[in-house]
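Data file: model-v1.cif. Format and content: mmCIF, C-alpha atoms and all ligand atoms.
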data_upload
#
loop_
_atom_site.label_atom_id
_atom_site.label_comp_id
_atom_site.auth_asym_id
_atom_site.auth_seq_id
_atom_site.Cartn_x
_atom_site.Cartn_y
_atom_site.Cartn_z
CA MET A 2 -1.52 -35.77 0.86
CA ALA A 3 -1.49 -36.29 -2.89
CA LYS A 4 1.54 -34.71 -4.46
CA PHE A 5 0.86 -31.55 -6.41
CA VAL A 6 3.44 -30.02 -8.67
CA VAL A 7 2.95 -26.42 -9.67
CA ASN A 8 3.72 -25.35 -13.16
CA PRO A 9 6.43 -22.67 -13.06
CA SER A 10 5.93 -20.06 -15.74
CA SER A 11 9.59 -19.02 -15.91
CA PRO A 12 12.00 -21.96 -16.21
CA ALA A 13 15.00 -19.68 -15.53
CA GLN A 14 13.50 -18.29 -12.34
CA TYR A 15 12.47 -21.75 -11.22
CA ASP A 16 15.96 -23.17 -11.84
CA ALA A 17 17.56 -20.37 -9.85
CA TRP A 18 15.17 -20.99 -6.97
CA ARG A 19 15.89 -24.75 -7.07
CA GLN A 20 19.63 -24.16 -7.02
CA GLY A 21 19.37 -21.93 -3.97
CA ALA A 22 20.33 -18.84 -5.94
CA VAL A 23 18.72 -15.45 -6.39
CA PRO A 24 17.10 -15.28 -9.87
CA GLU A 25 17.91 -12.67 -12.49
CA VAL A 26 15.81 -9.59 -13.14
CA GLU A 27 13.28 -10.72 -15.73
CA ARG A 28 10.80 -9.16 -18.10
CA VAL A 29 7.53 -10.88 -17.22
CA GLY A 30 5.51 -9.33 -20.03
CA PRO A 31 4.92 -6.00 -21.75
CA GLY A 32 5.83 -3.25 -19.31
CA LEU A 33 6.24 -5.66 -16.43
CA TRP A 34 9.42 -6.77 -14.67
CA SER A 35 10.34 -9.01 -11.78
CA VAL A 36 13.19 -7.78 -9.57
CA PRO A 37 14.45 -10.13 -6.86
CA VAL A 38 15.53 -8.22 -3.76
CA PRO A 39 17.68 -10.30 -1.39
CA ILE A 40 16.64 -10.91 2.21
CA PRO A 41 19.76 -12.52 3.69
CA VAL A 42 19.59 -14.79 6.75
CA ASN A 43 16.00 -15.57 5.78
CA PRO A 44 15.39 -19.00 4.21
CA LEU A 45 13.17 -17.36 1.57
CA ARG A 46 16.34 -15.62 0.29
CA TYR A 47 14.57 -12.90 -1.69
CA VAL A 48 11.39 -10.94 -2.27
CA LEU A 49 10.15 -10.60 -5.83
CA VAL A 50 9.38 -6.94 -6.42
CA TYR A 51 7.27 -6.31 -9.52
CA VAL A 52 7.88 -3.24 -11.61
CA LEU A 53 4.90 -1.96 -13.59
CA GLU A 54 5.74 0.58 -16.27
CA LEU A 55 3.60 3.71 -16.49
CA PRO A 56 3.67 6.51 -19.06
CA ASP A 57 5.63 8.69 -16.62
CA GLY A 58 7.57 6.23 -14.48
CA VAL A 59 6.87 2.95 -12.70
CA ALA A 60 4.83 1.52 -9.88
CA ILE A 61 6.24 -1.29 -7.78
CA VAL A 62 4.44 -4.06 -5.93
CA ASP A 63 6.22 -4.64 -2.59
CA ALA A 64 9.62 -3.21 -1.78
CA GLY A 65 11.94 -5.53 0.16
CA TRP A 66 13.29 -4.86 3.60
CA ASN A 67 15.24 -1.91 4.82
CA THR A 68 18.92 -2.70 4.31
CA ASP A 69 21.51 -1.10 2.04
CA GLU A 70 21.93 -4.38 0.22
CA ALA A 71 18.22 -4.63 -0.52
CA TYR A 72 18.04 -1.00 -1.57
CA ASP A 73 21.02 -1.38 -3.89
CA ALA A 74 19.51 -4.51 -5.44
CA LEU A 75 16.24 -2.71 -6.05
CA VAL A 76 18.02 0.25 -7.65
CA ALA A 77 20.13 -2.08 -9.81
CA GLY A 78 17.06 -4.10 -10.82
CA LEU A 79 15.17 -0.98 -11.80
CA GLY A 80 18.23 -0.05 -13.85
CA VAL A 81 18.10 -3.34 -15.77
CA ALA A 82 14.48 -2.50 -16.58
CA GLY A 83 15.58 0.92 -17.81
CA HIS A 84 14.40 3.00 -14.86
CA GLY A 85 15.83 4.84 -11.91
CA ILE A 86 14.64 4.92 -8.30
CA ALA A 87 13.41 8.50 -8.86
CA ASP A 88 10.95 7.14 -11.45
CA VAL A 89 8.91 5.24 -8.87
CA ARG A 90 5.47 6.83 -8.60
CA ALA A 91 3.73 4.30 -6.37
CA VAL A 92 4.64 1.52 -3.93
CA LEU A 93 1.76 -0.94 -3.60
CA VAL A 94 2.43 -3.02 -0.53
CA THR A 95 0.72 -6.40 -0.17
CA HIS A 96 1.18 -6.45 3.61
CA ILE A 97 3.04 -5.05 6.55
CA HIS A 98 5.77 -7.67 7.04
CA PRO A 99 9.34 -6.33 6.98
CA ASP A 100 10.32 -8.05 3.73
CA HIS A 101 7.46 -6.30 1.90
CA TYR A 102 6.97 -2.97 3.68
CA GLY A 103 10.43 -2.37 5.16
CA LEU A 104 11.96 -0.47 2.28
CA ALA A 105 8.87 1.47 1.21
CA GLY A 106 9.81 4.58 3.20
CA ARG A 107 13.25 4.80 1.66
CA VAL A 108 11.82 4.44 -1.84
CA ARG A 109 9.38 7.26 -1.09
CA GLU A 110 12.21 9.44 0.18
CA ALA A 111 14.18 8.89 -3.01
CA SER A 112 11.29 9.32 -5.43
CA GLY A 113 8.28 11.02 -3.87
CA ALA A 114 6.21 7.91 -4.63
CA TRP A 115 2.99 7.33 -2.71
CA ILE A 116 2.78 4.23 -0.53
CA GLY A 117 -0.44 2.24 -0.51
CA LEU A 118 -1.45 -0.28 2.16
CA HIS A 119 -4.70 -1.79 3.41
CA PRO A 120 -6.12 0.03 6.45
CA ALA A 121 -6.09 -3.12 8.60
CA ASP A 122 -2.32 -3.39 8.22
CA ALA A 123 -1.77 0.37 8.39
CA ALA A 124 -3.44 0.29 11.82
CA LEU A 125 -0.74 -2.06 13.14
CA ILE A 126 2.31 0.01 12.27
CA ARG A 127 2.50 2.13 15.39
CA GLU A 128 2.36 -0.66 17.94
CA ARG A 129 4.61 -2.89 15.89
CA TYR A 130 7.39 -0.54 14.90
CA ASP A 131 7.37 2.54 17.15
CA ASP A 132 9.88 2.25 19.97
CA GLU A 133 7.72 3.97 22.60
CA VAL A 134 4.86 1.50 22.35
CA VAL A 135 6.38 -1.77 21.23
CA ASP A 136 6.73 -2.93 24.86
CA SER A 137 2.97 -3.20 25.10
CA LEU A 138 2.92 -5.51 22.08
CA VAL A 139 5.59 -7.74 23.60
CA ARG A 140 3.62 -7.79 26.86
CA ARG A 141 0.44 -8.81 25.07
CA GLU A 142 2.33 -11.47 23.14
CA ARG A 143 3.75 -12.79 26.43
CA GLU A 144 0.28 -12.99 27.99
CA MET A 145 -1.07 -14.81 24.97
CA LEU A 146 1.82 -17.29 24.95
CA GLY A 147 1.31 -17.82 28.68
CA ARG A 148 -2.33 -18.72 28.08
CA SER A 149 -1.10 -21.10 25.37
CA GLY A 150 0.98 -22.93 27.98
CA VAL A 151 4.43 -21.92 26.78
CA PRO A 152 6.83 -22.96 29.56
CA GLY A 153 7.68 -20.05 31.87
CA GLU A 154 11.42 -20.24 31.33
CA THR A 155 11.08 -19.60 27.57
CA LEU A 156 8.22 -17.06 27.70
CA ASP A 157 10.40 -13.96 27.49
CA GLU A 158 12.51 -15.37 24.69
CA LEU A 159 9.47 -16.33 22.62
CA ALA A 160 7.58 -13.10 23.29
CA GLY A 161 10.54 -11.03 22.11
CA ALA A 162 11.42 -13.25 19.14
CA SER A 163 10.54 -10.63 16.49
CA MET A 164 12.51 -7.79 18.04
CA SER A 165 15.65 -8.58 16.06
CA ILE A 166 13.96 -7.88 12.71
CA ARG A 167 12.23 -4.62 13.62
CA HIS A 168 15.13 -2.54 12.33
CA LEU A 169 14.44 -3.94 8.85
CA VAL A 170 11.41 -1.67 8.60
CA SER A 171 11.26 2.06 8.37
CA ALA A 172 8.04 2.71 10.26
CA VAL A 173 6.57 5.21 7.84
CA ARG A 174 2.85 5.71 7.39
CA PRO A 175 1.21 4.97 4.06
CA ASP A 176 -0.07 7.83 1.92
CA ARG A 177 -3.11 5.99 0.63
CA LEU A 178 -5.28 3.32 2.13
CA ILE A 179 -6.30 0.67 -0.37
CA GLU A 180 -9.61 -1.04 0.29
CA ASP A 181 -11.05 -4.26 -1.06
CA GLY A 182 -12.22 -3.77 -4.65
CA ASP A 183 -10.40 -0.46 -5.18
CA ARG A 184 -9.26 0.23 -8.71
CA LEU A 185 -5.75 1.58 -8.64
CA ASP A 186 -5.14 4.72 -10.56
CA LEU A 187 -2.19 3.51 -12.67
CA PRO A 188 -2.39 4.57 -16.32
CA GLY A 189 -2.11 1.59 -18.65
CA TRP A 190 -3.04 -0.88 -15.92
CA ASP A 191 -6.44 -2.25 -14.95
CA LEU A 192 -5.29 -3.18 -11.47
CA ARG A 193 -7.85 -4.01 -8.79
CA ALA A 194 -7.18 -4.68 -5.10
CA LEU A 195 -8.51 -7.79 -3.43
CA TRP A 196 -8.44 -7.90 0.36
CA THR A 197 -7.15 -11.34 1.38
CA PRO A 198 -6.82 -11.38 5.18
CA GLY A 199 -5.28 -14.41 6.88
CA HIS A 200 -1.49 -14.22 6.66
CA SER A 201 -1.84 -10.64 7.86
CA PRO A 202 -5.05 -8.78 8.74
CA GLY A 203 -4.72 -6.39 5.82
CA HIS A 204 -3.10 -8.58 3.18
CA LEU A 205 -3.87 -7.42 -0.35
CA CYS A 206 -3.59 -9.18 -3.67
CA PHE A 207 -3.66 -7.17 -6.88
CA VAL A 208 -5.47 -8.51 -9.92
CA SER A 209 -5.24 -7.51 -13.55
CA PRO A 210 -8.35 -8.97 -15.22
CA GLU A 211 -7.19 -7.77 -18.64
CA ARG A 212 -3.81 -9.48 -18.41
CA ARG A 213 -5.18 -12.31 -16.25
CA LEU A 214 -2.42 -11.79 -13.67
CA LEU A 215 -2.55 -12.13 -9.91
CA PHE A 216 0.05 -10.38 -7.75
CA SER A 217 -0.39 -12.70 -4.82
CA GLY A 218 2.06 -11.38 -2.21
CA ASP A 219 2.44 -14.07 0.45
CA HIS A 220 -1.18 -15.23 0.13
CA VAL A 221 -0.54 -17.96 -2.45
CA LEU A 222 2.99 -19.20 -3.10
CA ALA A 223 4.21 -22.02 -5.30
CA LYS A 224 5.74 -24.30 -2.65
CA ILE A 225 5.31 -23.03 0.87
CA THR A 226 2.17 -22.08 2.73
CA PRO A 227 2.28 -18.75 4.54
CA ILE A 228 2.13 -18.59 8.33
CA VAL A 229 -1.45 -18.12 9.49
CA ALA A 230 -1.37 -17.53 13.21
CA VAL A 231 -3.28 -16.06 16.13
CA HIS A 232 -1.22 -13.27 17.68
CA PRO A 233 -2.01 -10.05 19.52
CA GLN A 234 -2.51 -8.14 16.29
CA SER A 235 -4.36 -10.83 14.36
CA ARG A 236 -8.07 -10.92 13.74
CA PRO A 237 -9.95 -13.37 15.98
CA ASN A 238 -10.05 -16.30 13.56
CA PRO A 239 -7.26 -15.81 11.00
CA LEU A 240 -7.50 -19.32 9.60
CA ALA A 241 -11.18 -18.81 8.72
CA ASP A 242 -10.15 -15.52 7.07
CA TYR A 243 -7.35 -17.24 5.22
CA LEU A 244 -9.48 -20.10 3.88
CA ASP A 245 -12.16 -17.60 2.79
CA SER A 246 -9.47 -15.52 1.09
CA LEU A 247 -8.20 -18.61 -0.72
CA ALA A 248 -11.75 -19.31 -1.93
CA ALA A 249 -11.95 -15.69 -3.13
CA VAL A 250 -8.83 -15.85 -5.29
CA ARG A 251 -9.85 -19.27 -6.60
CA LYS A 252 -12.79 -17.63 -8.37
CA LEU A 253 -10.52 -15.33 -10.36
CA ASP A 254 -9.84 -15.94 -14.00
CA VAL A 255 -6.06 -15.88 -13.79
CA GLU A 256 -3.43 -17.33 -16.05
CA GLU A 257 -0.28 -16.50 -14.13
CA VAL A 258 0.40 -16.01 -10.42
CA LEU A 259 3.10 -13.52 -9.48
CA PRO A 260 3.99 -14.24 -5.86
CA ALA A 261 6.39 -12.35 -3.61
CA HIS A 262 8.70 -15.31 -3.02
CA GLU A 263 10.02 -18.41 -4.77
CA TYR A 264 8.84 -18.31 -8.42
CA ARG A 265 5.87 -17.45 -10.54
CA PHE A 266 3.53 -20.14 -11.74
CA ARG A 267 0.33 -21.20 -13.50
CA ASP A 268 -2.63 -23.22 -12.24
CA LEU A 269 -3.88 -21.02 -9.42
CA THR A 270 -6.89 -23.24 -8.72
CA GLY A 271 -4.74 -26.37 -8.43
CA ARG A 272 -2.44 -24.63 -5.98
CA VAL A 273 -5.34 -23.18 -3.96
CA ASP A 274 -6.98 -26.60 -3.71
CA HIS A 275 -3.72 -28.11 -2.52
CA VAL A 276 -3.18 -25.48 0.17
CA THR A 277 -6.80 -25.81 1.30
CA ALA A 278 -6.40 -29.59 1.55
CA HIS A 279 -3.21 -29.07 3.56
CA HIS A 280 -5.08 -27.03 6.16
CA GLU A 281 -7.95 -29.51 6.26
CA GLU A 282 -5.46 -32.27 6.99
CA ARG A 283 -3.82 -30.16 9.63
CA LEU A 284 -7.18 -29.42 11.25
CA ALA A 285 -7.94 -33.14 11.33
CA GLU A 286 -4.55 -33.83 12.93
CA VAL A 287 -5.05 -31.15 15.58
CA GLU A 288 -8.53 -32.51 16.36
CA GLN A 289 -7.12 -36.01 16.63
CA VAL A 290 -4.29 -34.92 18.98
CA VAL A 291 -6.78 -33.14 21.25
CA GLY A 292 -9.11 -36.16 21.14
CA ALA A 293 -6.36 -38.62 22.07
CA ALA A 294 -5.45 -36.88 25.33
CA THR A 295 -7.27 -37.02 28.62
CA GLY A 296 -7.63 -34.01 30.87
CA GLY A 297 -7.13 -31.45 28.13
CA LEU A 298 -4.00 -30.09 26.50
CA THR A 299 -2.53 -26.64 26.31
CA CYS A 300 -1.94 -25.18 22.85
CA TRP A 301 1.78 -25.65 23.41
CA GLU A 302 1.26 -29.33 24.27
CA VAL A 303 -0.78 -29.78 21.10
CA ALA A 304 1.94 -28.05 19.04
CA VAL A 305 4.66 -30.31 20.45
CA ARG A 306 2.62 -33.39 19.49
CA LEU A 307 2.00 -32.36 15.88
CA THR A 308 4.21 -33.46 13.02
CA TRP A 309 6.43 -30.67 11.69
CA SER A 310 8.77 -30.53 8.72
CA ARG A 311 11.72 -30.62 11.14
CA PRO A 312 12.03 -32.08 14.64
CA TRP A 313 10.50 -29.76 17.26
CA GLU A 314 13.75 -29.79 19.28
CA THR A 315 15.57 -28.06 16.43
CA PHE A 316 13.13 -25.10 16.37
CA GLN A 317 14.54 -21.77 17.50
CA ALA A 318 12.46 -19.31 19.51
CA PHE A 319 10.86 -17.61 16.50
CA ALA A 320 9.88 -20.95 14.93
CA ARG A 321 8.47 -22.22 18.23
CA ARG A 322 6.38 -19.14 18.64
CA ALA A 323 5.14 -19.33 15.04
CA ALA A 324 4.31 -23.02 15.50
CA THR A 325 2.44 -22.35 18.74
CA ASN A 326 0.46 -19.47 17.27
CA GLU A 327 -0.29 -21.44 14.10
CA THR A 328 -1.56 -24.31 16.22
CA LEU A 329 -3.74 -21.83 18.08
CA ALA A 330 -5.21 -20.67 14.76
CA HIS A 331 -6.24 -24.25 14.03
CA LEU A 332 -7.65 -24.75 17.54
CA VAL A 333 -9.69 -21.54 17.29
CA TRP A 334 -11.05 -22.62 13.92
CA LEU A 335 -12.03 -26.04 15.31
CA ALA A 336 -13.60 -24.51 18.42
CA GLU A 337 -15.73 -22.16 16.35
CA ARG A 338 -17.14 -25.21 14.57
CA GLY A 339 -17.69 -27.12 17.79
CA ARG A 340 -15.03 -29.73 17.08
CA VAL A 341 -12.96 -28.89 20.18
CA THR A 342 -13.69 -26.83 23.27
CA CYS A 343 -11.53 -24.45 25.20
CA VAL A 344 -11.65 -24.34 28.97
CA PRO A 345 -10.22 -20.93 29.83
CA GLY A 346 -7.66 -20.77 32.57
CA GLU A 347 -4.00 -20.19 33.30
CA PRO A 348 -3.24 -21.73 30.84
CA ASP A 349 -6.23 -22.46 28.60
CA ARG A 350 -6.90 -26.16 28.06
CA TRP A 351 -8.31 -27.69 24.93
CA HIS A 352 -10.67 -30.66 25.11
CA PRO A 353 -12.52 -32.79 22.58
CA ALA A 354 -15.99 -31.51 21.78
CA ALA A 355 -18.63 -32.87 24.10
CA PRO A 356 -20.16 -35.95 22.43
ZN ZN B 401 4.45 -12.12 5.06
ZN ZN B 402 7.00 -12.43 2.64
#

Could you spell out this file's structure in structure tokens?
Amino acid sequence: MAKFVVNPSSPAQYDAWRQGAVPEVERVGPGLWSVPVPIPVNPLRYVLVYVLELPDGVAIVDAGWNTDEAYDALVAGLGVAGHGIADVRAVLVTHIHPDHYGLAGRVREASGAWIGLHPADAALIRERYDDEVVDSLVRREREMLGRSGVPGETLDELAGASMSIRHLVSAVRPDRLIEDGDRLDLPGWDLRALWTPGHSPGHLCFVSPERRLLFSGDHVLAKITPIVAVHPQSRPNPLADYLDSLAAVRKLDVEEVLPAHEYRFRDLTGRVDHVTAHHEERLAEVEQVVGAATGGLTCWEVAVRLTWSRPWETFQAFARRAATNETLAHLVWLAERGRVTCVPGEPDRWHPAAP
């Protein structure tokens, strides 16, 4: 694929990212701050929490995950911006993943802030994070991985691969559900919600048309592409959702993208086109792998045959599961367009489309 270099809008933040460090708290613009909150043991290293100043406090976009270290970093970062944790009036959460939603409950406890989340993600909280019901989610994940042809001896390990990060979330319920197109009631801000399903069913971006800013969460990032996968809680065709959501943000008149990881940047359309091309290439590769085999392949067998950024053998359980479920997202997308066919069974087998 042609090389595409994004245009970082903060050289200092970009340099810190490149050096493997956590960037400083920065003033992004009038009344707007970026506060990196560390997420140790995760290769992304930090979540960028955005602090939006209001006449009577602040709103934050995303929160970090639920550890003391993250909480302390958020409190310290708010301090640099001249605010305390008790000043937080609203926590706008882009999506339900632990590094974004995890700390929201603790911020609410300390401040009385309301928490806002899209209903499609709010609906997943109970099964995902409540101890009494999480077994059913693991069971459904196991069934799905079995149908994907994951070898029996690793099924349990892969199905339970997210359990170790559940404690990073306080499983609170949101106070407000934010729908597509909602204007957020934040004095001094013209913020509008844009529903961008794909990476998660209820992923939200927040747009400021006046300031031409896009708070992009994990939907569009400068370097990496977010995981888009079929899993028990996903919508049926998450890759179709994701590509549609990319097309939706591409239409926005935006000057600067404020993502939740890495660094902020300009040239949203260039980045969107690059990510779209990446998925088109991946779809072509998946179709080619299926076409080259006789007798059909399981999703797992397709995944093993694809090229990955690292050798497949080095993938741990979580990465293997993500890779399998991402491959399934591409297969489902291709099947819906008649480019491959699925023969259901135990496991399902994927064949080239009938000529
Ligand atoms: Zn995420
Ligand atoms: Zn994230």

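You can rank A:Gly296, A:Pro99, A:Pro37, A:Pro188 by their closest distance to ligand ZN 401 (chain B) using all atoms listed in the file, and at the top of that list sits A:Pro99.
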
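Minimum distance to ligand ZN 401 (chain B) across A:Leu93, A:Ala87, A:Val36, A:Ala230 (counting all atoms listed in the file) occurs at A:Ala230.
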
Quiz item: Could you name the residues that touch segment 42-50 of chain A at 8 Å or less, counting only C-alpha atoms, but leaving out those on the same chain fewer than 2 positions away, as a PyMOL selection string?
Solution: chain A and resi 23+35-40+52+61-65+100-101+260-263

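Within the 6 Å cut-off around Val255 of chain A, using all atoms listed in the file and omitting residues fewer than 2 positions from it on the same chain, the listed residues are Arg213, Leu214, Leu253 and Glu257 of chain A.
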
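The smallest atom-to-atom distance between ligand ZN 402 (chain B) and any of A:Ile228, A:Leu178, A:Cys300, A:Ala105, using all atoms listed in the file, is found for A:Ile228.
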
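For segment 286-293 of chain A, the non-local neighbours within 10 Å, defined as residues at least 6 positions apart in the same chain or in other chains and counting all atoms listed in the file, are His280, Thr299, Cys300, Glu302, Val303, Ala304, Arg306, Leu307, Thr308, Thr328, Leu329, His331, Leu332, Leu335, Ala336, Arg340, Val341, Thr342, Arg350, Trp351, His352, Pro353 and Ala354 of chain A.
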
Write out, as a PDB file, in the coordinates of the input, the residues just selected, with C-alpha atoms.
ATOM      1  CA  HIS A 280      -5.080 -27.030   6.160  1.00  0.00           C
ATOM      2  CA  THR A 299      -2.530 -26.640  26.310  1.00  0.00           C
ATOM      3  CA  CYS A 300      -1.940 -25.180  22.850  1.00  0.00           C
ATOM      4  CA  GLU A 302       1.260 -29.330  24.270  1.00  0.00           C
ATOM      5  CA  VAL A 303      -0.780 -29.780  21.100  1.00  0.00           C
ATOM      6  CA  ALA A 304       1.940 -28.050  19.040  1.00  0.00           C
ATOM      7  CA  ARG A 306       2.620 -33.390  19.490  1.00  0.00           C
ATOM      8  CA  LEU A 307       2.000 -32.360  15.880  1.00  0.00           C
ATOM      9  CA  THR A 308       4.210 -33.460  13.020  1.00  0.00           C
ATOM     10  CA  THR A 328      -1.560 -24.310  16.220  1.00  0.00           C
ATOM     11  CA  LEU A 329      -3.740 -21.830  18.080  1.00  0.00           C
ATOM     12  CA  HIS A 331      -6.240 -24.250  14.030  1.00  0.00           C
ATOM     13  CA  LEU A 332      -7.650 -24.750  17.540  1.00  0.00           C
ATOM     14  CA  LEU A 335     -12.030 -26.040  15.310  1.00  0.00           C
ATOM     15  CA  ALA A 336     -13.600 -24.510  18.420  1.00  0.00           C
ATOM     16  CA  ARG A 340     -15.030 -29.730  17.080  1.00  0.00           C
ATOM     17  CA  VAL A 341     -12.960 -28.890  20.180  1.00  0.00           C
ATOM     18  CA  THR A 342     -13.690 -26.830  23.270  1.00  0.00           C
ATOM     19  CA  ARG A 350      -6.900 -26.160  28.060  1.00  0.00           C
ATOM     20  CA  TRP A 351      -8.310 -27.690  24.930  1.00  0.00           C
ATOM     21  CA  HIS A 352     -10.670 -30.660  25.110  1.00  0.00           C
ATOM     22  CA  PRO A 353     -12.520 -32.790  22.580  1.00  0.00           C
ATOM     23  CA  ALA A 354     -15.990 -31.510  21.780  1.00  0.00           C
TER      24      ALA A 354
END

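Between atom CA of His168 of chain A and atom CA of Asn67 of chain A the interatomic distance comes to 7.5 Å.
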
Practice problem: Counting only C-alpha atoms, write as a ChimeraX atom specification all protein and nucleic acid residues lying at most 10 Å from (3.2, -21.8, 29.3) in the file's frame. | Solution: /A:143-156,299-302,347-349
